[in-house]
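Read the structure below first, then the notes.
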Amino acid sequence: MMKFRFRRQGTDPQREKIKQELFAFNKTVEHGFPHQPSALAFDPKLELMAIGTKSGAIKVYGSPGVEFTGLHADTTAVTQIHFLPGQGRLLSLLDDNTLHLWELVAGAPRDAGGAKREGVVCLEEVDCYSLPGRPGIESCSATRVTVLLLMRSGDLLCVGTEGGGVYFLELPRLSLKESQTLLQDQIIQSLPDDYRCGKSLGPVESLQEHPQRPGKLLIGYSRGLVVLWESTSRRVEQLFLGKQQLESLVWERSGNLFVSSHNDGGYSVWAVTTGNNVIHQPVSSTIPYGPFPCKAINKILWRTTQTGSPVVLYSGGMPRASYGDRHCLTIQQDKEHVTLDFTSRVIDFFTVHGVEQDEEFDEPSAVVVLLEEELVVMDLRTPGWPSLPTPYLAPLHSSAITCSFHVSGVPPKLWERLANAGRAQQGRQPAHGSWPICGGKNLAPPPKNQELLLTGHEDGTVRFWDASGVALTPLYKLSTANVFHTDCDPSDDPQDPSDDPDMQQEEEWPPFRKVGCFDPYSDDPRLAIQKISLCKYSNKLVVAGTAGQVIVLGLSDERSAHPVDVSVVDLLQDREGFTWKGHDRLEPRLKPASFPPGFQPLVLVQCVPPASVTAVALHAEWNLISFGTSHGFGLFDYHRRNAVLARCTLHPNDSLAMEGPLSRVKSLKKSLRQSFRRIRKSRVSGKKRPVATPTSKVQEANAALAEQEDVAPIQRRIEPRSADDSLSGVVRCLCFADTFLRDGTHHGATLWAGTNSGSVYAYALEVPGVGSGRACERGAGEGGVCVEAVLGKEIQLMHRAPVVSICVLDGRGKPLPDPYEASQDLAIAPDMANAHSVLIASEEQLKVSAKTKFKLTAHEGCRVRRVALVAFGSVAQEDYCEHTLVCLTNLGDMHLFSIPGLRPQVRYDCIRKEDISGIASCVFTKNGQGFYLISPSEYERFSLSAKTLTEPLCSVQLDRPLHATPASDSTATTTPPQANGTHKNHVGQAEGRSEESPSALSSPILDTPLDSPLSCADLTLDSTGEITVEDVRDFLTTVDEAENNLKNIKEEEGRSTGILIN
Amino acid sequence: MNKTHRVPSNRSLSTVEVKSKFGAEFRRFSLERSKPGRFDEFYGLLQHVHHIPNVELLVGYADVHGDLLPINNDDNYHKAISTASPLLRLFLQRKEEADYTFGTNSLTRKKNTVLSAVLLRPDATRKKPPVIISLPRDFRPVSSIIDVDILPETHRRVRLYKHGQEKPLGFYIRDGSSVRVTPQGLEKVPGIFISRMVPGGLAESTGLLAVNDEVLEVNGIEVVGKSLDQVTDMMIANSHNLIITVKPANQRNNVVRGGGGGGGGGTASGSSGRSSDSGASYYGYSSHGGVGAAAPAPSHIIQNFPVGELESEEEDDEDLVIEVGGEAESAGRDPADYGMPSLPRYEPHLNLRTPSALSVNGAALASGSSGPPNRAAEMRSLEEDGTVITL
């Protein structure tokens, strides 16, 4: 069908060029905390920290804004990372026993913010190695790497293995020095007979190089034996006959002592004295949390200080019975003893301390602890060891994220006030100045305008993040729980637990101290935030939650204890015969709570029945909010504090919505029955299977095929959507617009609502004193006049698909500006002279009034999930800007359409289609960027715009030439490394796409299937469409192909009749 | 005029008695049953006998079942002549009037899709606007096999019309794999298959689809490379006018194409009767263009999607807009097209019943399946009728 259009029109090269200047897809940066971290490393010279994840990603962080990402080819867990100090290289060990060498290499000079930035660096894998093992499982486990040690000289890598052998690799070439390999037998020979016992020494648990004398190695075996090995002369210098199973070793700085930590929760200090070859007993041995059985101390650090008494830090070692389930790190110095109590597992930790050889003491300044869900840094120089706020790696998911909202171009005044409120919340915490990890240099230009990302959480908080730059930093936190009575009464505003002085815990042993803010437990799931809307000009915020609560908040710089007005809106109206079996509504607090500076609640509207709010809209200029649930929608005037409208959208047959989320017994029963039926069916078919009588090969093949098909009988029902599908009344979107609803000459306030069953309701509003319509004529002076809503129109979409979004386009086909923008001259005034049109995006099609329609699902088989109108700026012309409809489908791809013509522009693969939560969490900015969750704790930031890009641009001062080997240089892509641990195939796609995007754009016909309507990227009717030679050939080949295919089919049909399964 | 003299009704098989009604006037004449001539001659004759030489007419006749059916091409003219027993009753109407009656208001049209011989007893129901059956596009389309002449014989393109019926589409699809013969030998490729029929559903009752048929295309879009869910969504999105190209699991009932040339000339195209109104622009399926060589006339390669029909489909798909309040006018839309001021509230439109049509379908099919050669012939006539009338 499309072929004829191609032939007639072709593509317009000029339009293609403009599209290249407007659109480009890039995944730029990941915000938040890496999901499932598994390894940690620190380069004290460059002051860079690396985190490896279970999905094979490596992320390197320096000073705020400096970050590099790398992704292993395999999605295998990174078990260890080691920096080659000062070289900008690092080694990673994966779970599949391979070693990988990474380098920071120079990227191409990037054009950023109008200026060329030289010296941009990115992380790249340059080498890979795995220890040779004899084939077979046994030998494989023997050479399984347990520990790595980089010698200070920087050219030798020691590898400890499960089999007890220590191998030596030359760096940076990663070649095995066969002659130096130290097998366990060699050590066993030098052991005293009574210690030998004929047993193996177990895997190598720790390798530590002597801090003062290079070439001397401390090798710790699992069984407890520690050997001081002289690697140059290849002999055992000293033996320390430990009896307890070994966990880790650490040298004291002088090299006279070392400390070993053990399986029984104790640690021992050993003296390294000359002259004595075999040492049987440690100098001292302690089980800090004894005497009852304790868990192992996994890692211990021993740092000397000027004051004389060392700082000892160790993880684990808790009494097994009473505190065995705690995740703890102990810091001890002299009498001071703190047990940091974390909410998630300790992965690894390191101290930041002086590394210069000539310094006498370590003088640790901070300890950095990587937990499974967050990063905690404790300041060791300040007495009391307070925690430091992290400027990046914020745990977005400290309570689960339930929704997000983006505001671009935040006015400086609002920004300032928010920042102040945030600072007041953080209280006495020091500024970021003392952040210990400051490597690298951020080359990115300062953001042109401020961007806010608001995340709603399960515990009823809304967090405001500074999303202007690469590092997502917390700005302000708003809690809505204090509006309600909950089980744990939040009488005082919740503060970071780390702030709490542990007065009450002082007496307790061990001296626990709660650290970190990851708190996955919600007091009341009804508090969860579902929808957020913020007006950046009037500083009004609307927050709506799971129990039908809608809270209007205003920004205030003063603490206040005002009462909150409560209104209840019955959305069921006069519908009878339904009972809500879901949760109760939240009980508002009666006595006024004291609200800290920041956003303070003004009005609380509670929907009845208290179903989760599914849509909100805010028009601060008219003082109106609208909210929708699964039962209907309401309109509320928060200025006059009265409900204007409540409309039930329920279909009479829809019983599920009425009963609430708790009563799904029926469907469960049904599904159980179905699954039983399936089991029974498979059993029956199994019995029926005839004994193989291979009369012919064809029959056999048929049987095999039939059998295979029996295995997965997934089938889908083909039925048009009907009105009585369950939850058809769910309000999916709401929108306010100043447009023509009554007639073609008078515009006025309108409210639009769209439901799950394809119904659109349009109301004409009369807002006193607002608008040029009739409201004005009647006289705006009347103060007591209420807002009125009159139903103007009901539209039933024929295909009954859920309405995802509604917006009104002005006479020029541009989206209407936000409230206040037009009246305050902040945006170009909308064209009110020509007829407006309504853009209705349903799950299946996009439609601009009655004029144009694009049936996305009918063509592509994908459904619309998210829709946004985005202004794309051109890279070539400063002031050229196009409004484009961006549409994210359930297959995770982005379709861009021109408006109001709805012509497909470009299509990009963005999110894996299996990643349903990622697709559901996607938010778009107004200038062509977007965010989606790639894990519970990470937002991926992407850009669809060629102009607006927020990506890390950073450099690191290295003393080696930054240019890697020529082979890898060629792959130094212009795209930033888009690693993202959770989906690797995806990254490959994205990179592939972005690399070939120019060609893809210039010939969209080649890129997408011919039948696809999207393949005609943009067909302007006026283009004469000169057929170039390539075009013709392309056309012909496809015809040939089609013919060939048909021939094939015919041939196949001719021959294959016997194989058909009848 | 002499031709219009009353001929005694001798009930001989050689002549057909014709009673033609235009407005309030009747004319009677007779035609030779064996040599009816062509439709345009007949049309001229009608204009002549009614003395309305320059009036454009819609010609309808009452068939044996009492249904009002149109005469607008050679085929249905011949059909009318051959089935007339003993009297052929004709109803003429001015085209303008008819167009006025069958306005673009989709809802009234849907109501009128039920064919009732109102005009046969004009005195019975005066209040209702007269239902006139005229051009094929005014008919309620029914499910059918289409595009027989452009598809390979092993494939079948089925149009399922769901409109205005309470019957569910009534089928399920599943993933599967089909075996293809390639130069390398047998190769399994993933495919989408029909897995189950709902008894009494549209798919089952029309008999056009069967379990294990492989779905190749949905409304002209190949399903290769699409997931089961994607294909499901495509089918549901197109469910108002679903066109599925299948490779039937049972290849024995395939439509056998006629020998081309001779008889095929006039009848190969199901839309021949409409070719005059559907203009030059046709939509076709690119992927099967090559096979069209087997069809007798190249001009028929692309067919069955005349523009008018597509438009009407679009129109059917139009959303329902209810204006509330008398003075309110639609802002963004063209009010004339979609306004429904008479309805105060929205009522689901699905309760319109069409009792007669499907039973007719079923009967025709049952008789058609009596023998393979007959069946083939039936298929052909079925294809000829295409979306035009009933089976």
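Following the order of the structure tokens, first chain is A, next is B, and so on, with residues numbered from 1 inside each chain and ligands from 1 in the order they appear.
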For the interface of chain A with chain B (cut-off 6 Å, counting only C-alpha atoms), please tabulate each contacting residue of chain A alongside its nearest pair of atoms and their separation in Å to one decimal, rows sorted by chain and increasing number, as a Markdown table.
| residue | atom | partner | partner_atom | distance |
| --- | --- | --- | --- | --- |
| A:Met1 | CA | B:Tyr285 | CA | 5.2 |
| A:Ile714 | CA | B:Arg174 | CA | 5.8 |
| A:Gln715 | CA | B:Arg174 | CA | 4.2 |
| A:Arg716 | CA | B:Tyr172 | CA | 5.3 |
| A:Arg717 | CA | B:Tyr172 | CA | 4.4 |
| A:Ile718 | CA | B:Tyr172 | CA | 5.6 |
| A:Glu719 | CA | B:Leu169 | CA | 5.8 |
| A:Pro720 | CA | B:Ile236 | CA | 5.2 |
| A:Phe740 | CA | B:Ala331 | CA | 5.3 |
| A:Leu741 | CA | B:Ala331 | CA | 5.2 |
| A:Arg742 | CA | B:Ala328 | CA | 4.9 |
| A:Asp743 | CA | B:Glu329 | CA | 5.0 |
| A:Gly744 | CA | B:Ala331 | CA | 5.4 |
| A:Gly792 | CA | B:Val324 | CA | 5.1 |
| A:Lys793 | CA | B:Glu323 | CA | 4.6 |
| A:Glu794 | CA | B:Ile322 | CA | 5.0 |
| A:Ile795 | CA | B:Val321 | CA | 4.3 |
| A:Gln796 | CA | B:Leu320 | CA | 4.9 |
| A:Leu797 | CA | B:Asp319 | CA | 4.6 |
| A:Met798 | CA | B:Asp319 | CA | 4.8 |
| A:His836 | CA | B:Gly332 | CA | 5.5 |
| A:Ser837 | CA | B:Gly332 | CA | 4.7 |
| A:Ala850 | CA | B:Arg333 | CA | 6.0 |
| A:Thr857 | CA | B:Met234 | CA | 5.5 |
| A:Ala858 | CA | B:Met234 | CA | 4.5 |
| A:Gly861 | CA | B:Gln230 | CA | 4.2 |
| A:Cys862 | CA | B:Gln230 | CA | 5.9 |
| A:Ala1042 | CA | B:Ser287 | CA | 5.8 |
| A:Glu1043 | CA | B:Gly290 | CA | 5.9 |
| A:Glu1052 | CA | B:Val181 | CA | 4.9 |
| A:Asn1062 | CA | B:Ala249 | CA | 5.9 |
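The coordinates place atom CA of A:Pro319 at 6.0 Å from atom CA of A:Tyr289.
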### Task
Find the residues around A:Phe68 up to 8 Å (only C-alpha atoms counted), leave out those fewer than 4 positions away in its own chain, and share them as a ChimeraX atom specification.
/A:59-61,122-123,952,977
Output N, CA and C atoms for every residue in the selection just made, as a JSON list (two decimals), in the first residue's frame.
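Okay, this is what ended up in part17.json:
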[["chain", "number", "residue", "atom", "x", "y", "z"],
["A", 59, "LYS", "N", 30.99, 1.79, 37.26],
["A", 59, "LYS", "CA", 30.77, 3.23, 37.27],
["A", 59, "LYS", "C", 31.87, 3.87, 38.08],
["A", 60, "VAL", "N", 32.47, 4.86, 37.53],
["A", 60, "VAL", "CA", 33.57, 5.56, 38.19],
["A", 60, "VAL", "C", 33.10, 6.96, 38.53],
["A", 61, "TYR", "N", 33.29, 7.35, 39.77],
["A", 61, "TYR", "CA", 32.84, 8.66, 40.23],
["A", 61, "TYR", "C", 34.02, 9.43, 40.79],
["A", 122, "CYS", "N", 36.59, 9.06, 28.44],
["A", 122, "CYS", "CA", 35.58, 8.05, 28.74],
["A", 122, "CYS", "C", 36.26, 6.71, 29.05],
["A", 123, "LEU", "N", 35.51, 5.83, 29.61],
["A", 123, "LEU", "CA", 36.03, 4.57, 30.11],
["A", 123, "LEU", "C", 35.85, 3.48, 29.06],
["A", 952, "PRO", "N", 27.48, 13.48, 30.87],
["A", 952, "PRO", "CA", 28.72, 13.76, 31.58],
["A", 952, "PRO", "C", 29.84, 14.11, 30.59],
["A", 977, "PRO", "N", 29.66, 6.71, 26.87],
["A", 977, "PRO", "CA", 29.46, 5.31, 27.19],
["A", 977, "PRO", "C", 28.11, 5.13, 27.86]]
### Query
Nearest to A:Glu844 among A:Asn756, A:Ser344, A:Thr273, A:Ser408, with distances taken over only C-alpha atoms: which residue is it?
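The closest residue to A:Glu844 is A:Asn756.
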#### Entry: Atomic distance atom CA of A:Gln36 - atom CA of A:Leu396, expressed in Å with one decimal
13.7 Å
#### Entry: Separation of atom CA of A:Val616 from atom CA of A:Leu527, in Å and rounded to one decimal
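Distance between the two atoms: 16.3 Å.
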### Message
When you look at stretch 391-393 of chain A with a cut-off of 9 Å (counting only C-alpha atoms), what residues show up, excluding the ones that are within fewer than 3 positions of it in the same chain? I need them as a PyMOL selection string.
### Response
chain A and resi 31-34+61+63-65+374-375+396+432+435+471-474
Can I get the selected residues back with N, CA and C atoms, as a PDB file, in the first residue's frame?
ATOM      1  N   HIS A  31      20.930   8.388  36.612  1.00  0.00           N
ATOM      2  CA  HIS A  31      20.841   9.087  37.894  1.00  0.00           C
ATOM      3  C   HIS A  31      20.488   8.094  38.977  1.00  0.00           C
ATOM      4  N   GLY A  32      20.975   8.387  40.161  1.00  0.00           N
ATOM      5  CA  GLY A  32      20.581   7.552  41.280  1.00  0.00           C
ATOM      6  C   GLY A  32      21.663   6.567  41.657  1.00  0.00           C
ATOM      7  N   PHE A  33      21.249   5.555  42.346  1.00  0.00           N
ATOM      8  CA  PHE A  33      22.188   4.610  42.918  1.00  0.00           C
ATOM      9  C   PHE A  33      22.195   3.338  42.088  1.00  0.00           C
ATOM     10  N   PRO A  34      23.386   2.836  41.712  1.00  0.00           N
ATOM     11  CA  PRO A  34      23.410   1.648  40.853  1.00  0.00           C
ATOM     12  C   PRO A  34      22.693   0.468  41.501  1.00  0.00           C
ATOM     13  N   TYR A  61      33.289   7.354  39.768  1.00  0.00           N
ATOM     14  CA  TYR A  61      32.839   8.660  40.225  1.00  0.00           C
ATOM     15  C   TYR A  61      34.017   9.433  40.786  1.00  0.00           C
ATOM     16  N   SER A  63      34.737  13.932  41.605  1.00  0.00           N
ATOM     17  CA  SER A  63      34.036  15.062  42.204  1.00  0.00           C
ATOM     18  C   SER A  63      32.652  15.140  41.574  1.00  0.00           C
ATOM     19  N   PRO A  64      31.733  15.845  42.223  1.00  0.00           N
ATOM     20  CA  PRO A  64      30.372  15.875  41.701  1.00  0.00           C
ATOM     21  C   PRO A  64      30.333  16.270  40.226  1.00  0.00           C
ATOM     22  N   GLY A  65      29.626  15.509  39.442  1.00  0.00           N
ATOM     23  CA  GLY A  65      29.530  15.770  38.007  1.00  0.00           C
ATOM     24  C   GLY A  65      30.498  14.948  37.191  1.00  0.00           C
ATOM     25  N   GLU A 374      22.683   1.879  49.234  1.00  0.00           N
ATOM     26  CA  GLU A 374      23.110   3.270  49.276  1.00  0.00           C
ATOM     27  C   GLU A 374      24.606   3.349  49.592  1.00  0.00           C
ATOM     28  N   LEU A 375      25.104   4.561  49.515  1.00  0.00           N
ATOM     29  CA  LEU A 375      26.501   4.810  49.831  1.00  0.00           C
ATOM     30  C   LEU A 375      26.531   5.722  51.048  1.00  0.00           C
ATOM     31  N   LEU A 396      17.515   7.086  45.380  1.00  0.00           N
ATOM     32  CA  LEU A 396      16.189   7.559  44.964  1.00  0.00           C
ATOM     33  C   LEU A 396      15.090   6.754  45.616  1.00  0.00           C
ATOM     34  N   HIS A 432      29.016  20.396  51.202  1.00  0.00           N
ATOM     35  CA  HIS A 432      29.725  19.371  50.450  1.00  0.00           C
ATOM     36  C   HIS A 432      31.222  19.597  50.389  1.00  0.00           C
ATOM     37  N   TRP A 435      33.679  16.775  51.017  1.00  0.00           N
ATOM     38  CA  TRP A 435      33.498  15.526  50.295  1.00  0.00           C
ATOM     39  C   TRP A 435      34.872  14.976  49.914  1.00  0.00           C
ATOM     40  N   ALA A 471      24.697  15.129  37.887  1.00  0.00           N
ATOM     41  CA  ALA A 471      24.450  14.527  39.191  1.00  0.00           C
ATOM     42  C   ALA A 471      23.081  14.964  39.693  1.00  0.00           C
ATOM     43  N   LEU A 472      22.286  13.997  40.043  1.00  0.00           N
ATOM     44  CA  LEU A 472      20.945  14.283  40.568  1.00  0.00           C
ATOM     45  C   LEU A 472      21.089  14.494  42.068  1.00  0.00           C
ATOM     46  N   THR A 473      20.911  15.718  42.522  1.00  0.00           N
ATOM     47  CA  THR A 473      21.136  15.978  43.940  1.00  0.00           C
ATOM     48  C   THR A 473      19.829  16.336  44.619  1.00  0.00           C
ATOM     49  N   PRO A 474      19.676  15.860  45.867  1.00  0.00           N
ATOM     50  CA  PRO A 474      18.447  16.171  46.593  1.00  0.00           C
ATOM     51  C   PRO A 474      18.384  17.649  46.939  1.00  0.00           C
TER      52      PRO A 474
END
